[in-house]
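*Asks:* Below are the structure tokens for one structure; questions will follow.
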Amino acid sequence: MVLPAMLRSLRHHNYRLWATADLVSVTGTWMQVLALNWLILSITHSATSVGLGLVLQALPTILLGPWGGVIADRLPARTVVAGGQAAQAGLSALLAVIAAGDPSGTGGLYAVSLLSGLVTSLTSPALGRFGSEVVGPEDLSNGLALGSLLSSGGRILGMSLAGVVIPLVGVPGAFLANAASFGIVLVAIALMRGGELHVAPRAEEKSERGIVAGFRHVLRTPWLLVTFGLAFVLGSVGRNYQVTMAAMSEGPLHAGAGGYGALSVAFAVGTVLGGLVAAARARLPLKLLIVAAMLCSVGQMASGGAPNLVVFGALMLPIAAGAVLIDTTVSTRVQIDNPGHLRGRVIAAQGMVGAASGAVGGPALGAMCDTLGPRTALLVAGTIGVAAAAAAAYALARLRRTAPAEAPATADPGTAPA
């Protein structure tokens with residue numbers, strides 16, 4: 001079967017299974033995200049409380065992420081991923097039980113969020129490593145881009161289905177649907193052909209196995225530090241639209257829960273557009289990261305002045321598209337331009353950056369929305385993003401001029417910082 005270049009990863013049997021399972025799982029996840037965020041907001045009427053929930057999910061990754069990277073580089077990724085999916089299914093079922101009790105407080109919801117973050121911290125690096133094993137290095141960038149596209153489609157389906165499921169069977173129904181989606185992932189993993197997995201080399205030497213070896217590699221790779229620094233800023237004050245969309249919908253736009261759902265779908269449509277752009281490109285250089293970061297930040301500033309829900313939703317489209325290009329570019333460079341035996345720990349470092357940005361940005365944006373108002377919060381956050389993108393562009397340009405020959409061969413210095 002001849003496939004267009006944009007869909008070339010689908011040539012692989014294992015990737016087709018993984019892509020199908022990913023679409024189902026992401027759909028369930030976003031049903032749960034919408035249900036949980038709105039449940040917390042309806043109980044507390046505070047954007048800061050929604051941000052606190054994001055902190056609790058991110059905290060374990062910040063503290064335990066390096067151990068997750070070590071696990072990914074030493075144990076079979078397939079086994080670790082299966083265990084993590086089973087654990088997350090159980091936690092989603094527990095959320096359904098808590099929600100069915102019509103909680104008046106958020107203690108139980110926060111506790112499950114923390115446990116979910118713990119599972120994520122220990123299994124997410126293996127999940128990223130396994131994603132590269134099902135497609136192989138020659139199609140990795142395309143596989144990641146298609147994964148972003150499927151995640152975007154899953155987000156749209158999840159948000160849309162949540163708007164149907166929650167009114168019909170309540171918030172617990174959304175949590176149960178997510179629990180079932182993890183079962184589909186487990187079935188897909190079981191059906192994969194072991195002989196067709198592209199297993200990356202594991203850390204064999206004692207000096208290569210520990211947490212210190214991973215941190216040493218990151219700290220000695222300047223372009224990676226710059227990339228992670230920019231990703232941190234963009235992921236904190238520049239990307240926590242779960243908080244700002246809810247605050248804008250409940251506040252100046254006066255759109256309520258329906259408006260929040262509509263904005264979430266608009267954002268998801270934008271991520272589909274970004275996924276198509278990423279999948280169509282043969283390369284995803286860091287120049288693309290800088291351009292997308294700048295455009296997202298300028299769009300964020302403009303969104304703070306949106307006069308109504310329609311204009312705000314329209315601005316979400318290019319912002320969301322840029323967000324996917326940012327995420328896909330960073331993930332591609334992390335996996336392609338770093339040694340295979342350190343891949344899990346570098347992915348873990350990337351996860352720690354993402355978790356830390358959520359931990360900082362969620363409460364910070366929530367507090368700004370509660371004190372300064374959502375419009376001012378978006379303007380300030382966008383300004384910070386523009387400054388960070390400009391600083392990263394300058395730093396990468398200096399690295400290209402002054403130290404390309406000193407970069408390790410595995411980092412492909414001629415392309416990675418470009």
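Lettering and numbering for the structure tokens are positional, with chains as A, B, ... in the shown order, residues counted from 1 in each chain, and ligands counted from 1 in the shown order.
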Kindly assemble as JSON lines a list of the region 137-255 of chain A residues that lie within 9 Å of region 129-132 of chain A, each paired with its nearest atom pair and their distance in Å to one decimal, using only C-alpha atoms, sorted first by chain and then by ascending residue number.
*Replies:*
{"residue": "A:Pro137", "atom": "CA", "partner": "A:Ser132", "partner_atom": "CA", "distance": 7.0}
{"residue": "A:Asp139", "atom": "CA", "partner": "A:Ser132", "partner_atom": "CA", "distance": 8.9}
{"residue": "A:Leu140", "atom": "CA", "partner": "A:Ser132", "partner_atom": "CA", "distance": 6.1}
{"residue": "A:Gly143", "atom": "CA", "partner": "A:Ser132", "partner_atom": "CA", "distance": 7.9}
{"residue": "A:Leu144", "atom": "CA", "partner": "A:Gly131", "partner_atom": "CA", "distance": 8.1}
{"residue": "A:Leu197", "atom": "CA", "partner": "A:Phe130", "partner_atom": "CA", "distance": 8.8}
{"residue": "A:His198", "atom": "CA", "partner": "A:Ser132", "partner_atom": "CA", "distance": 7.5}
{"residue": "A:Val199", "atom": "CA", "partner": "A:Phe130", "partner_atom": "CA", "distance": 8.0}
{"residue": "A:Ala200", "atom": "CA", "partner": "A:Arg129", "partner_atom": "CA", "distance": 8.0}
*Asks:* Hey, what's within 10 Å of Gly163 (chain A) if we count only C-alpha atoms and toss same-chain stuff fewer than 3 positions away? As a PyMOL selection string, please?
*Replies:* chain A and resi 31+34-35+157-160+166-168+174+257-258+261-262
*Asks:* Find, counting only C-alpha atoms, the residue in A:Gly136, A:Thr328, A:Leu224, A:Asp370 that gets nearest to Pro252 (chain A).
*Replies:*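 Looking only at the distances to Pro252 (chain A), the closest residue turns out to be A:Asp370.
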*Asks:* Which one of A:Ala247, A:Ala96, A:Ala377, A:Ile62 sits closest to Gln350 (chain A) if you count only C-alpha atoms?
*Replies:* A:Ile62
*Asks:* Tell me, in Å to one decimal, how far CA of Gly84 (chain A) is from CA of Ala349 (chain A).
*Replies:*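 Distance reported for this atom pair: 18.7 Å.
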*Asks:* Name the residues in contact with Gly358 (chain A) at a cut-off of 7 Å, using only C-alpha atoms, excluding same-chain residues fewer than 2 positions from it; report them as a VMD selection string.
*Replies:* chain A and resid 54 to 55 58 235 to 236 354 to 356 360 to 362
*Asks:* With only C-alpha atoms as the counted atoms, please give the residues lying no more than 8 Å from Leu122 (chain A), apart from itself and same-chain residues fewer than 3 positions off, as number ranges by chain.
*Replies:* A: 61, 64-65, 67-69, 71, 118-119, 125
*Asks:* Give the answer as one residue: which of A:Ala323, A:Ile347, A:Val81, A:Leu109 has the shortest atom-to-atom distance to Leu186 (chain A), using only C-alpha atoms?
*Replies:*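 Closest to Leu186 (chain A) of all the choices is A:Val81.
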*Asks:* I'd like to know which of A:Gly101, A:Pro318, A:Gly344, A:Gly366 is closest to Phe267 (chain A), using only C-alpha atoms.
*Replies:*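 The closest residue to Phe267 (chain A) is A:Pro318.
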*Asks:* Can you list every residue in region 40-221 of chain A that DSSP puts in alpha helix (DSSP H), as JSON, numbers by chain?
*Replies:* {"A": [40, 41, 42, 43, 44, 47, 48, 49, 50, 51, 52, 53, 54, 55, 56, 57, 58, 59, 60, 61, 62, 63, 64, 65, 66, 67, 68, 69, 70, 71, 72, 73, 74, 77, 78, 79, 80, 81, 82, 83, 84, 85, 86, 87, 88, 89, 90, 91, 92, 93, 94, 95, 96, 97, 98, 99, 100, 107, 108, 109, 110, 111, 112, 113, 114, 115, 116, 117, 118, 119, 120, 121, 122, 123, 124, 125, 126, 127, 128, 129, 130, 131, 132, 133, 140, 141, 142, 143, 144, 145, 146, 147, 148, 149, 150, 151, 152, 153, 154, 155, 156, 157, 158, 159, 160, 161, 162, 163, 164, 165, 166, 167, 168, 169, 171, 172, 173, 174, 175, 176, 177, 178, 179, 180, 181, 182, 183, 184, 185, 186, 187, 188, 189, 190, 191, 206, 207, 208, 209, 211, 212, 213, 214, 215, 216, 217, 218, 219]}
